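Structure first, then comments.
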Amino acid sequence: MRYAINNNWKFSQDFKEEYLNNILNSKEIQIPHTVKELPFNYFNIKDYEMITTYQKILNYKVNENERIYITFDGVMVSCKVYLNGVEIGEHFGGYTEFKFDLTDHFKSEEDNLLVVIVDSHEQKDVPPFGNVVDYLCYGGIYREVYIDIKPKINIDRLMVEGNMYGQLRVRKNIINPDYNKYELTYKLIYNDEVLAEFKDDSYLIKNYKLWDLDNPNLYYLEATLTSAYGVDKQVARFGFRTVEFKKNGFYLNGNHIKLLGLNRHQSYAYVGYAMPKSMQIQDADLLKYNLGVNYVRCSHYPMSKHFLNRCDEIGLLALEEIPGWQYVSKDNQKWRSLHLQNVKDMIETLFNHPSIMIWGVRINEGPDDHELYTLANEIAKNLDPSRPTGGIRNFKNSELLEDVYTYNDFYHYGPNKGLDKPKSVCKDAPYLVTEFNGHMYPTKMYDQEDRLIEHTLRHARVLDAMYGNPRISGCSGWCMNDYNTHKDFGSGDMICYHGVCDMFRNPKYAASVYASQQDKFFTMQVLSCLIPGEKNETLQGPTYVFTNADYI
């Protein structure tokens with residue numbers, strides 16, 4: 001049985017030893033939560049760097065044949081978890097799910113005091129830190145928290161792969177598998193109808209429906225574990241599909257698709273990362289139904305399961321990657337171990353999302369590191385041989401240990417061609433452009449019209465170059481929305497104005513470039529207010545229109 005425990009927490013912007021055993025005298029807060037709401041711009045990151053305390057009373061019936069677990073979807077940056085004054089465990093890194101077993105210190109049908117001490121300081125031995133990062137990692141328990149009560153023998157994780165040929169493969173992790181004998185059975189479900197029941201970890205289904213961009217068919221696999229200690233059930237949602245990158249492009253279920261995308265930061269004005277399920281869904285819908293892209297790069301960290309669930313549901317492909325930005329520690333073993341742990345946790349946690357087409361297993365724009373990335377790729381391939389790996393670079397002829405050369409191409413600066421030639425960047429490998437524009441031409445929503453127009457045309461020139469070159473699998477622009485950043489980056493006010501939308505997801509002119517490339521919904525954007533006084537010398541000059549209409 002799973003219980004969401006996101007309401008009625010106590011919170012304090014400090015920590016004292018007495019908090020481990022005494023209820024805080026504070027107002028109640030809800031999860032997702034940020035340690036401090038921030039101004040729109042011109043603030044100090046020290047405002048949210050602090051050690052804070054969260055408390056929650058837990059009262060459940062747990063019998064002698066059961067275990068009780070707590071799962072956190074995301075806590076930034078690190079935390080220690082206590083139950084009834086006893087330390088249960090600690091976790092480093094803010095972007096991956098983690099779980100602790102509370103059983104040994106839990107009192108059944110009594111009030112149990114759960115205390116979570118959160119350290120939101122940037123920590124040099126925890127990725128993505130080590131150097132200055134071009135985005136902010138806001139502190140707090142900013143993703144949901146759950147309690148699970150399960151039999152002593154239970155299913156910890158269920159990883160389900162379904163390919164375009166109807167072959168289903170299951171990998172699972174069983175807690176206490178040698179504790180006693182158990183039986184494990186599976187049901188395959190589609191539209192509430194049981195299609196098959198079986199016991200093996202592989203199964204070939206007939207008359208199945210593929211998951212693709214226009215028909216994102218989703219199946220459920222229900223696993224039932226029966227032992228002397230009771231019955232445990234776990235359900236995984238997945239899709240039948242096959243992804244492949246070749247030298248001449250990307251293929252979904254054997255069909256060639258040009259990837260048109262944008263990068264997404266999960267942050268919002270004022271509250272940082274602390275946005276609920278509804279807003280995660282809204283961002284996915286914005287990308288698919290307003291901006292018209294067919295893929296999103298999840299930059300530069302694993303994203304909310306709610307966002308990826310929605311990508312599954314609407315047919316939006318995703319590049320998912322581990323936390324990082326330019327810095328790779330050569331000698332800090334904790335940092336390097338956490339990098340590899342992030343790869344493992346990312347893939348195990350997000351495996352079942354059919355929308356994910358590739359894993360990013362190296363640090364965004366980081367230097368080559370043969371030892372680290374050899375291990376990272378080995379972890380990825382052992383856990384998931386069905387998906388390719390990539391690793392985002394911003395320099396040419398990097399050592400390629402991954403399947404796809406994923407490259408941030410900032411070649412275009414205005415008058416020149418939109419993209420560099422792939423053969424000058426890498427030789428003889430599948431090729432995907434993962435960033436362009438962005439810092440090359442930052443543009444505010446309220447800039448003069450001529451700048452907004454040039455910003456739009458730069459995106460158009462890159463897309464034109466991408467569509468015209470069969471060697472390029474696709475590209476994703478930097479980026480979907482403006483975002484807060486460190487003072488070392490952006491426009492001096494702690495905002496990077498790199499988005500085709502502003503921080504509130506309002507579209508700039510440049511958003512119309514992407515929307516105009518699809519034919520699922522009508523779009524037309526006139527790149528002008530048509531007021532002469534907006535222009536130099538009050539001369540209107542040419543007027544640009546981006547549309548998918550046949551004519552205007």
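Residues in the structure tokens are numbered from 1 in each chain, the chains being A, B, ... in the order shown, and ligands are numbered from 1 in the order shown.
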
Q.
With only C-alpha atoms as the counted atoms, please give the residues lying no more than 9 Å from Gly166 of chain A, apart from itself and same-chain residues fewer than 5 positions off, as a PyMOL selection string.
A. chain A and resi 203-210+240-241

I need the residues from that last selection saved to file as a tab-separated table (two decimals), in the first residue's frame (with N, CA, C and O atoms), if you can.
chain	number	residue	atom	x	y	z
A	203	TYR	N	8.23	-12.33	-22.84
A	203	TYR	CA	6.95	-12.74	-23.41
A	203	TYR	C	6.80	-12.08	-24.77
A	203	TYR	O	7.17	-10.90	-24.95
A	204	LEU	N	6.28	-12.83	-25.73
A	204	LEU	CA	6.05	-12.31	-27.07
A	204	LEU	C	4.56	-12.14	-27.27
A	204	LEU	O	3.79	-13.10	-27.20
A	205	ILE	N	4.13	-10.90	-27.50
A	205	ILE	CA	2.72	-10.61	-27.66
A	205	ILE	C	2.39	-10.43	-29.14
A	205	ILE	O	3.22	-9.94	-29.92
A	206	LYS	N	1.19	-10.82	-29.52
A	206	LYS	CA	0.69	-10.61	-30.88
A	206	LYS	C	-0.40	-9.55	-30.85
A	206	LYS	O	-1.02	-9.28	-29.83
A	207	ASN	N	-0.63	-8.94	-31.99
A	207	ASN	CA	-1.70	-7.95	-32.13
A	207	ASN	C	-1.56	-6.79	-31.14
A	207	ASN	O	-2.51	-6.40	-30.46
A	208	TYR	N	-0.37	-6.29	-31.05
A	208	TYR	CA	-0.08	-5.18	-30.14
A	208	TYR	C	-0.07	-3.86	-30.92
A	208	TYR	O	-0.03	-3.83	-32.15
A	209	LYS	N	-0.09	-2.77	-30.18
A	209	LYS	CA	-0.06	-1.44	-30.77
A	209	LYS	C	1.23	-0.74	-30.35
A	209	LYS	O	1.57	-0.73	-29.15
A	210	LEU	N	1.90	-0.15	-31.31
A	210	LEU	CA	3.16	0.52	-31.03
A	210	LEU	C	2.95	1.87	-30.35
A	210	LEU	O	1.91	2.52	-30.52
A	240	PHE	N	5.47	-0.34	-26.39
A	240	PHE	CA	6.23	-1.14	-27.35
A	240	PHE	C	6.79	-0.20	-28.42
A	240	PHE	O	6.04	0.39	-29.19
A	241	ARG	N	8.09	-0.08	-28.44
A	241	ARG	CA	8.74	0.77	-29.43
A	241	ARG	C	10.23	0.50	-29.45
A	241	ARG	O	10.80	0.00	-28.48

Could you produce a table of the residues of segment 447-523 of chain A lying within 12 Å of segment 297-320 of chain A, with the nearest pair of atoms per residue and their separation in Å rounded to one decimal, using only C-alpha atoms, ordered by chain and increasing residue number, as a Markdown table?
| residue | atom | partner | partner_atom | distance |
| --- | --- | --- | --- | --- |
| A:Gly474 | CA | A:Arg297 | CA | 11.5 |
| A:Cys475 | CA | A:Arg297 | CA | 9.6 |
| A:Ser476 | CA | A:Arg297 | CA | 7.0 |
| A:Gly477 | CA | A:Arg297 | CA | 9.2 |
| A:Trp478 | CA | A:Arg297 | CA | 9.5 |
| A:Cys479 | CA | A:Arg297 | CA | 9.3 |
| A:Met480 | CA | A:Arg297 | CA | 9.8 |
| A:Asn481 | CA | A:Ser299 | CA | 11.8 |

Selection file, N, CA, C and O atoms, as a PDB file, in the first residue's frame:
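File written: part.pdb
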ATOM      1  N   GLY A 474      18.929  15.652 -35.810  1.00  0.00           N
ATOM      2  CA  GLY A 474      17.989  16.677 -35.369  1.00  0.00           C
ATOM      3  C   GLY A 474      18.716  17.700 -34.525  1.00  0.00           C
ATOM      4  O   GLY A 474      19.943  17.679 -34.406  1.00  0.00           O
ATOM      5  N   CYS A 475      17.945  18.593 -33.930  1.00  0.00           N
ATOM      6  CA  CYS A 475      18.555  19.610 -33.079  1.00  0.00           C
ATOM      7  C   CYS A 475      17.547  20.105 -32.054  1.00  0.00           C
ATOM      8  O   CYS A 475      16.335  20.040 -32.253  1.00  0.00           O
ATOM      9  N   SER A 476      18.085  20.598 -30.950  1.00  0.00           N
ATOM     10  CA  SER A 476      17.243  21.194 -29.907  1.00  0.00           C
ATOM     11  C   SER A 476      17.818  22.557 -29.547  1.00  0.00           C
ATOM     12  O   SER A 476      18.984  22.676 -29.178  1.00  0.00           O
ATOM     13  N   GLY A 477      16.978  23.572 -29.668  1.00  0.00           N
ATOM     14  CA  GLY A 477      17.419  24.941 -29.407  1.00  0.00           C
ATOM     15  C   GLY A 477      17.589  25.212 -27.923  1.00  0.00           C
ATOM     16  O   GLY A 477      16.926  24.614 -27.074  1.00  0.00           O
ATOM     17  N   TRP A 478      18.505  26.120 -27.640  1.00  0.00           N
ATOM     18  CA  TRP A 478      18.650  26.602 -26.259  1.00  0.00           C
ATOM     19  C   TRP A 478      17.920  27.931 -26.184  1.00  0.00           C
ATOM     20  O   TRP A 478      18.369  28.908 -26.760  1.00  0.00           O
ATOM     21  N   CYS A 479      16.770  27.964 -25.483  1.00  0.00           N
ATOM     22  CA  CYS A 479      16.117  26.883 -24.783  1.00  0.00           C
ATOM     23  C   CYS A 479      14.630  27.213 -24.715  1.00  0.00           C
ATOM     24  O   CYS A 479      14.186  28.214 -25.266  1.00  0.00           O
ATOM     25  N   MET A 480      13.844  26.382 -24.037  1.00  0.00           N
ATOM     26  CA  MET A 480      12.402  26.592 -23.985  1.00  0.00           C
ATOM     27  C   MET A 480      12.049  27.902 -23.289  1.00  0.00           C
ATOM     28  O   MET A 480      11.215  28.666 -23.761  1.00  0.00           O
ATOM     29  N   ASN A 481      12.668  28.153 -22.143  1.00  0.00           N
ATOM     30  CA  ASN A 481      12.262  29.314 -21.339  1.00  0.00           C
ATOM     31  C   ASN A 481      13.462  29.976 -20.666  1.00  0.00           C
ATOM     32  O   ASN A 481      14.472  29.327 -20.396  1.00  0.00           O
TER      33      ASN A 481
END

Segment 487-499 of chain A environment, 6 Å, only C-alpha atoms, sequence neighbours closer than 4 positions dropped, as a PDB file with all heavy atoms, in the first residue's frame:
ATOM      1  N   ASN A  41      14.411  38.699  -9.915  1.00  0.00           N
ATOM      2  CA  ASN A  41      15.805  38.874 -10.337  1.00  0.00           C
ATOM      3  C   ASN A  41      16.568  39.649  -9.261  1.00  0.00           C
ATOM      4  O   ASN A  41      16.015  39.985  -8.210  1.00  0.00           O
ATOM      5  CB  ASN A  41      15.891  39.595 -11.696  1.00  0.00           C
ATOM      6  CG  ASN A  41      15.162  40.933 -11.699  1.00  0.00           C
ATOM      7  OD1 ASN A  41      14.715  41.414 -10.648  1.00  0.00           O
ATOM      8  ND2 ASN A  41      15.017  41.545 -12.863  1.00  0.00           N
ATOM      9  N   TYR A  42      17.844  39.870  -9.512  1.00  0.00           N
ATOM     10  CA  TYR A  42      18.699  40.638  -8.598  1.00  0.00           C
ATOM     11  C   TYR A  42      18.626  40.142  -7.146  1.00  0.00           C
ATOM     12  O   TYR A  42      18.352  40.895  -6.221  1.00  0.00           O
ATOM     13  CB  TYR A  42      18.348  42.123  -8.648  1.00  0.00           C
ATOM     14  CG  TYR A  42      18.690  42.797  -9.952  1.00  0.00           C
ATOM     15  CD1 TYR A  42      17.680  43.224 -10.814  1.00  0.00           C
ATOM     16  CD2 TYR A  42      20.011  43.000 -10.336  1.00  0.00           C
ATOM     17  CE1 TYR A  42      17.980  43.841 -12.025  1.00  0.00           C
ATOM     18  CE2 TYR A  42      20.326  43.616 -11.535  1.00  0.00           C
ATOM     19  CZ  TYR A  42      19.306  44.030 -12.378  1.00  0.00           C
ATOM     20  OH  TYR A  42      19.609  44.633 -13.570  1.00  0.00           O
ATOM     21  N   GLY A 438      20.872  30.511 -27.909  1.00  0.00           N
ATOM     22  CA  GLY A 438      21.015  30.764 -26.479  1.00  0.00           C
ATOM     23  C   GLY A 438      21.846  31.990 -26.180  1.00  0.00           C
ATOM     24  O   GLY A 438      21.465  33.120 -26.488  1.00  0.00           O
ATOM     25  N   PRO A 442      21.060  36.594 -26.549  1.00  0.00           N
ATOM     26  CA  PRO A 442      20.001  36.644 -25.522  1.00  0.00           C
ATOM     27  C   PRO A 442      19.010  37.755 -25.823  1.00  0.00           C
ATOM     28  O   PRO A 442      19.399  38.858 -26.232  1.00  0.00           O
ATOM     29  CB  PRO A 442      20.780  36.914 -24.236  1.00  0.00           C
ATOM     30  CG  PRO A 442      22.095  37.487 -24.666  1.00  0.00           C
ATOM     31  CD  PRO A 442      22.395  36.889 -25.997  1.00  0.00           C
ATOM     32  N   THR A 443      17.746  37.449 -25.616  1.00  0.00           N
ATOM     33  CA  THR A 443      16.684  38.372 -26.030  1.00  0.00           C
ATOM     34  C   THR A 443      15.578  38.404 -24.986  1.00  0.00           C
ATOM     35  O   THR A 443      15.013  37.362 -24.642  1.00  0.00           O
ATOM     36  CB  THR A 443      16.098  37.944 -27.388  1.00  0.00           C
ATOM     37  OG1 THR A 443      17.161  37.876 -28.352  1.00  0.00           O
ATOM     38  CG2 THR A 443      15.047  38.918 -27.868  1.00  0.00           C
ATOM     39  N   LYS A 444      15.276  39.592 -24.513  1.00  0.00           N
ATOM     40  CA  LYS A 444      14.206  39.767 -23.525  1.00  0.00           C
ATOM     41  C   LYS A 444      12.855  39.908 -24.226  1.00  0.00           C
ATOM     42  O   LYS A 444      12.776  40.387 -25.363  1.00  0.00           O
ATOM     43  CB  LYS A 444      14.477  41.009 -22.670  1.00  0.00           C
ATOM     44  CG  LYS A 444      15.811  40.974 -21.921  1.00  0.00           C
ATOM     45  CD  LYS A 444      16.035  42.272 -21.173  1.00  0.00           C
ATOM     46  CE  LYS A 444      17.322  42.248 -20.362  1.00  0.00           C
ATOM     47  NZ  LYS A 444      18.537  42.220 -21.206  1.00  0.00           N
ATOM     48  N   CYS A 479      16.770  27.964 -25.483  1.00  0.00           N
ATOM     49  CA  CYS A 479      16.117  26.883 -24.783  1.00  0.00           C
ATOM     50  C   CYS A 479      14.630  27.213 -24.715  1.00  0.00           C
ATOM     51  O   CYS A 479      14.186  28.214 -25.266  1.00  0.00           O
ATOM     52  CB  CYS A 479      16.693  26.710 -23.377  1.00  0.00           C
ATOM     53  SG  CYS A 479      16.641  28.217 -22.374  1.00  0.00           S
ATOM     54  N   MET A 480      13.844  26.382 -24.037  1.00  0.00           N
ATOM     55  CA  MET A 480      12.402  26.592 -23.985  1.00  0.00           C
ATOM     56  C   MET A 480      12.049  27.902 -23.289  1.00  0.00           C
ATOM     57  O   MET A 480      11.215  28.666 -23.761  1.00  0.00           O
ATOM     58  CB  MET A 480      11.728  25.426 -23.255  1.00  0.00           C
ATOM     59  CG  MET A 480      10.212  25.539 -23.178  1.00  0.00           C
ATOM     60  SD  MET A 480       9.446  24.185 -22.269  1.00  0.00           S
ATOM     61  CE  MET A 480       9.388  24.869 -20.612  1.00  0.00           C
ATOM     62  N   ASN A 481      12.668  28.153 -22.143  1.00  0.00           N
ATOM     63  CA  ASN A 481      12.262  29.314 -21.339  1.00  0.00           C
ATOM     64  C   ASN A 481      13.462  29.976 -20.666  1.00  0.00           C
ATOM     65  O   ASN A 481      14.472  29.327 -20.396  1.00  0.00           O
ATOM     66  CB  ASN A 481      11.256  28.896 -20.264  1.00  0.00           C
ATOM     67  CG  ASN A 481      11.740  27.738 -19.403  1.00  0.00           C
ATOM     68  OD1 ASN A 481      11.636  26.588 -19.806  1.00  0.00           O
ATOM     69  ND2 ASN A 481      12.269  28.044 -18.230  1.00  0.00           N
ATOM     70  N   ASP A 482      13.338  31.258 -20.407  1.00  0.00           N
ATOM     71  CA  ASP A 482      14.336  31.972 -19.608  1.00  0.00           C
ATOM     72  C   ASP A 482      14.428  31.339 -18.219  1.00  0.00           C
ATOM     73  O   ASP A 482      13.478  30.696 -17.748  1.00  0.00           O
ATOM     74  CB  ASP A 482      13.952  33.444 -19.454  1.00  0.00           C
ATOM     75  CG  ASP A 482      13.894  34.188 -20.777  1.00  0.00           C
ATOM     76  OD1 ASP A 482      14.464  33.692 -21.768  1.00  0.00           O
ATOM     77  OD2 ASP A 482      13.266  35.263 -20.816  1.00  0.00           O
ATOM     78  N   TYR A 483      15.560  31.564 -17.541  1.00  0.00           N
ATOM     79  CA  TYR A 483      15.748  30.932 -16.234  1.00  0.00           C
ATOM     80  C   TYR A 483      16.715  31.749 -15.398  1.00  0.00           C
ATOM     81  O   TYR A 483      17.583  32.453 -15.913  1.00  0.00           O
ATOM     82  CB  TYR A 483      16.264  29.498 -16.392  1.00  0.00           C
ATOM     83  CG  TYR A 483      17.565  29.399 -17.189  1.00  0.00           C
ATOM     84  CD1 TYR A 483      18.802  29.330 -16.562  1.00  0.00           C
ATOM     85  CD2 TYR A 483      17.544  29.377 -18.575  1.00  0.00           C
ATOM     86  CE1 TYR A 483      19.979  29.238 -17.283  1.00  0.00           C
ATOM     87  CE2 TYR A 483      18.717  29.291 -19.311  1.00  0.00           C
ATOM     88  CZ  TYR A 483      19.933  29.221 -18.665  1.00  0.00           C
ATOM     89  OH  TYR A 483      21.101  29.157 -19.392  1.00  0.00           O
TER      90      TYR A 483
END

Q: For atom CA of Ala228 of chain A and atom CA of Lys61 of chain A, quote the distance in Å rounded to one decimal.
A: 19.0 Å

Q. Hey, what does DSSP flag as strand (DSSP E) within segment 388-470 of chain A? Can you give it to me as JSON, numbers by chain?
A. {"A": [389, 390, 391, 392, 393, 404, 405, 406, 407, 408, 431, 432, 433, 434, 435]}

**Q.** d(atom CA of Ala223 of chain A, atom CA of Arg157 of chain A) in Å
**A.**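 Straight-line distance from atom CA of Ala223 of chain A to atom CA of Arg157 of chain A works out to 10.4 Å.
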
Give me, as an mmCIF file with all heavy atoms, in the first residue's frame, all polymer residues having an atom no more than 7 Å from Asn548 of chain A, counting only C-alpha atoms and skipping those fewer than 6 positions away in the same chain.
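And here is the file that came out, out-v1.cif:
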data_model
loop_
_atom_site.group_PDB
_atom_site.id
_atom_site.type_symbol
_atom_site.label_atom_id
_atom_site.label_comp_id
_atom_site.auth_asym_id
_atom_site.auth_seq_id
_atom_site.Cartn_x
_atom_site.Cartn_y
_atom_site.Cartn_z
ATOM 1 N N SER A 516 5.750 26.602 -36.426
ATOM 2 C CA SER A 516 5.458 26.631 -37.860
ATOM 3 C C SER A 516 5.955 25.389 -38.596
ATOM 4 O O SER A 516 5.619 25.184 -39.765
ATOM 5 C CB SER A 516 6.092 27.876 -38.500
ATOM 6 O OG SER A 516 7.509 27.797 -38.491
ATOM 7 N N GLN A 517 6.739 24.531 -37.917
ATOM 8 C CA GLN A 517 7.321 23.370 -38.582
ATOM 9 C C GLN A 517 6.445 22.118 -38.495
ATOM 10 O O GLN A 517 6.833 21.061 -38.987
ATOM 11 C CB GLN A 517 8.701 23.065 -37.989
ATOM 12 C CG GLN A 517 9.685 24.216 -38.096
ATOM 13 C CD GLN A 517 9.834 24.734 -39.510
ATOM 14 O OE1 GLN A 517 10.215 23.991 -40.417
ATOM 15 N NE2 GLN A 517 9.518 26.006 -39.704
ATOM 16 N N ASP A 519 2.268 20.266 -38.553
ATOM 17 C CA ASP A 519 0.971 20.426 -39.212
ATOM 18 C C ASP A 519 -0.172 19.861 -38.375
ATOM 19 O O ASP A 519 -1.233 19.529 -38.901
ATOM 20 C CB ASP A 519 0.986 19.752 -40.590
ATOM 21 C CG ASP A 519 1.327 18.273 -40.524
ATOM 22 O OD1 ASP A 519 1.438 17.742 -39.400
ATOM 23 O OD2 ASP A 519 1.462 17.652 -41.596
ATOM 24 N N PHE A 522 -2.935 24.792 -36.354
ATOM 25 C CA PHE A 522 -2.654 25.991 -37.145
ATOM 26 C C PHE A 522 -1.897 27.010 -36.302
ATOM 27 O O PHE A 522 -2.160 27.204 -35.121
ATOM 28 C CB PHE A 522 -3.951 26.620 -37.641
ATOM 29 C CG PHE A 522 -3.754 27.979 -38.255
ATOM 30 C CD1 PHE A 522 -3.134 28.112 -39.489
ATOM 31 C CD2 PHE A 522 -4.163 29.129 -37.595
ATOM 32 C CE1 PHE A 522 -2.932 29.366 -40.057
ATOM 33 C CE2 PHE A 522 -3.962 30.379 -38.150
ATOM 34 C CZ PHE A 522 -3.353 30.498 -39.391
ATOM 35 N N THR A 523 -0.926 27.677 -36.940
ATOM 36 C CA THR A 523 -0.202 28.728 -36.246
ATOM 37 C C THR A 523 0.163 29.833 -37.229
ATOM 38 O O THR A 523 0.448 29.565 -38.413
ATOM 39 C CB THR A 523 1.075 28.184 -35.571
ATOM 40 O OG1 THR A 523 1.710 29.245 -34.835
ATOM 41 C CG2 THR A 523 2.063 27.642 -36.589
ATOM 42 N N MET A 524 0.127 31.061 -36.786
ATOM 43 C CA MET A 524 0.591 32.197 -37.587
ATOM 44 C C MET A 524 1.032 33.311 -36.645
ATOM 45 O O MET A 524 0.300 33.673 -35.729
ATOM 46 C CB MET A 524 -0.499 32.722 -38.526
ATOM 47 C CG MET A 524 0.019 33.842 -39.443
ATOM 48 S SD MET A 524 -1.167 34.379 -40.704
ATOM 49 C CE MET A 524 -2.287 35.349 -39.698
#

Q: Excluding Gly130 of chain A and any residue of its chain fewer than 3 positions from it, enumerate the residues within 8 Å of it, using only C-alpha atoms, and give them as a ChimeraX atom specification.
A: /A:123-127,327-329

Could you list, with a cut-off of 12 Å and counting only C-alpha atoms, the residues of segment 183-284 of chain A near segment 405-412 of chain A, each shown with its nearest atom pair and the distance in Å rounded to one decimal, rows sorted by chain and ascending number, as JSON lines?
{"residue": "A:Phe245", "atom": "CA", "partner": "A:Tyr405", "partner_atom": "CA", "distance": 10.1}
{"residue": "A:Lys246", "atom": "CA", "partner": "A:Tyr405", "partner_atom": "CA", "distance": 10.9}
{"residue": "A:Lys247", "atom": "CA", "partner": "A:Tyr405", "partner_atom": "CA", "distance": 10.2}
{"residue": "A:Gly249", "atom": "CA", "partner": "A:Tyr405", "partner_atom": "CA", "distance": 11.8}
{"residue": "A:Asn263", "atom": "CA", "partner": "A:Asn408", "partner_atom": "CA", "distance": 11.3}

Write the selection just made, keeping N, CA, C and O atoms, as a short mmCIF file (atom, residue, chain, number, x, y, z; two decimals), in the first residue's frame?
data_model
loop_
_atom_site.label_atom_id
_atom_site.label_comp_id
_atom_site.auth_asym_id
_atom_site.auth_seq_id
_atom_site.Cartn_x
_atom_site.Cartn_y
_atom_site.Cartn_z
N PHE A 245 19.63 5.34 -33.39
CA PHE A 245 20.35 6.40 -34.10
C PHE A 245 21.30 5.75 -35.10
O PHE A 245 22.10 4.89 -34.73
N LYS A 246 21.21 6.20 -36.35
CA LYS A 246 22.13 5.75 -37.39
C LYS A 246 22.88 6.97 -37.93
O LYS A 246 22.57 8.11 -37.58
N LYS A 247 23.84 6.71 -38.80
CA LYS A 247 24.62 7.82 -39.36
C LYS A 247 23.77 8.73 -40.23
O LYS A 247 24.13 9.88 -40.47
N GLY A 249 20.54 9.41 -39.42
CA GLY A 249 19.44 9.98 -38.67
C GLY A 249 18.86 9.08 -37.60
O GLY A 249 19.39 8.01 -37.29
N ASN A 263 15.56 22.63 -25.35
CA ASN A 263 16.04 22.28 -24.02
C ASN A 263 15.08 22.85 -22.98
O ASN A 263 14.54 23.94 -23.16
#

Q. Val526 of chain A: which residues within 12 Å, counting only C-alpha atoms, same-chain residues fewer than 4 positions away excluded, as a VMD selection string?
A. chain A and resid 449 452 to 453 456 508 to 513 516 530 542 to 547 552

**Q.** Within 8 Å of segment 86-93 of chain A using only C-alpha atoms, minus same-chain residues under 2 positions, as a PyMOL selection string
**A.** chain A and resi 75-84+95-96+98+100-102+105+126-127+338

Pull C-alpha atoms from the residues just selected and write them as a CSV table (one decimal), in the first residue's frame.
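Saved result, selection-v7.csv, follows:
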chain,number,residue,atom,x,y,z
A,75,VAL,CA,15.6,16.7,-2.2
A,76,MET,CA,18.1,19.5,-3.0
A,77,VAL,CA,21.1,19.3,-2.3
A,78,SER,CA,21.7,16.7,0.4
A,79,CYS,CA,19.7,15.5,3.4
A,80,LYS,CA,19.8,13.3,6.5
A,81,VAL,CA,16.6,11.5,7.5
A,82,TYR,CA,15.8,10.7,11.2
A,83,LEU,CA,12.9,8.7,12.7
A,84,ASN,CA,12.2,9.1,16.4
A,95,TYR,CA,17.6,15.0,-8.9
A,96,THR,CA,17.1,11.3,-8.3
A,98,PHE,CA,15.9,7.5,-3.1
A,100,PHE,CA,14.9,4.3,3.1
A,101,ASP,CA,13.6,1.4,5.2
A,102,LEU,CA,12.0,2.8,8.4
A,105,HIS,CA,12.7,2.2,14.3
A,126,VAL,CA,28.2,16.7,-5.3
A,127,PRO,CA,27.4,17.0,-9.0
A,338,LEU,CA,28.2,10.1,-7.3

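Each of A:Asn394, A:Thr242, A:Ser202, A:Gln448 was compared to Asn255 of chain A using only C-alpha atoms, and A:Thr242 turns out to be the nearest.
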
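Of the residues under consideration (A:Tyr413, A:Glu378, A:Gly324, A:Asp369), A:Asp369 shows the shortest atom-to-atom contact distance to Ser398 of chain A when counting only C-alpha atoms.
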
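For the set A:Arg387, A:Lys396, A:Lys423, A:Arg67, the residue with the smallest atom-to-atom gap to Pro367 of chain A is A:Lys396, counting only C-alpha atoms.
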
Q: May I ask for the distance between atom CA of Met466 of chain A and atom CA of Arg505 of chain A, given in Å to one decimal place?
A: 25.3 Å

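Remark: for Arg458 of chain A, the closest of the candidate residues A:Leu527, A:Met440, A:Ile51, A:Leu372 is A:Met440 (distances computed over only C-alpha atoms).
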
Q: Output as number ranges by chain all residues of segment 236-350 of chain A that backbone DSSP marks as alpha helix (DSSP H).
A: A: 277-285, 305-314, 333-350
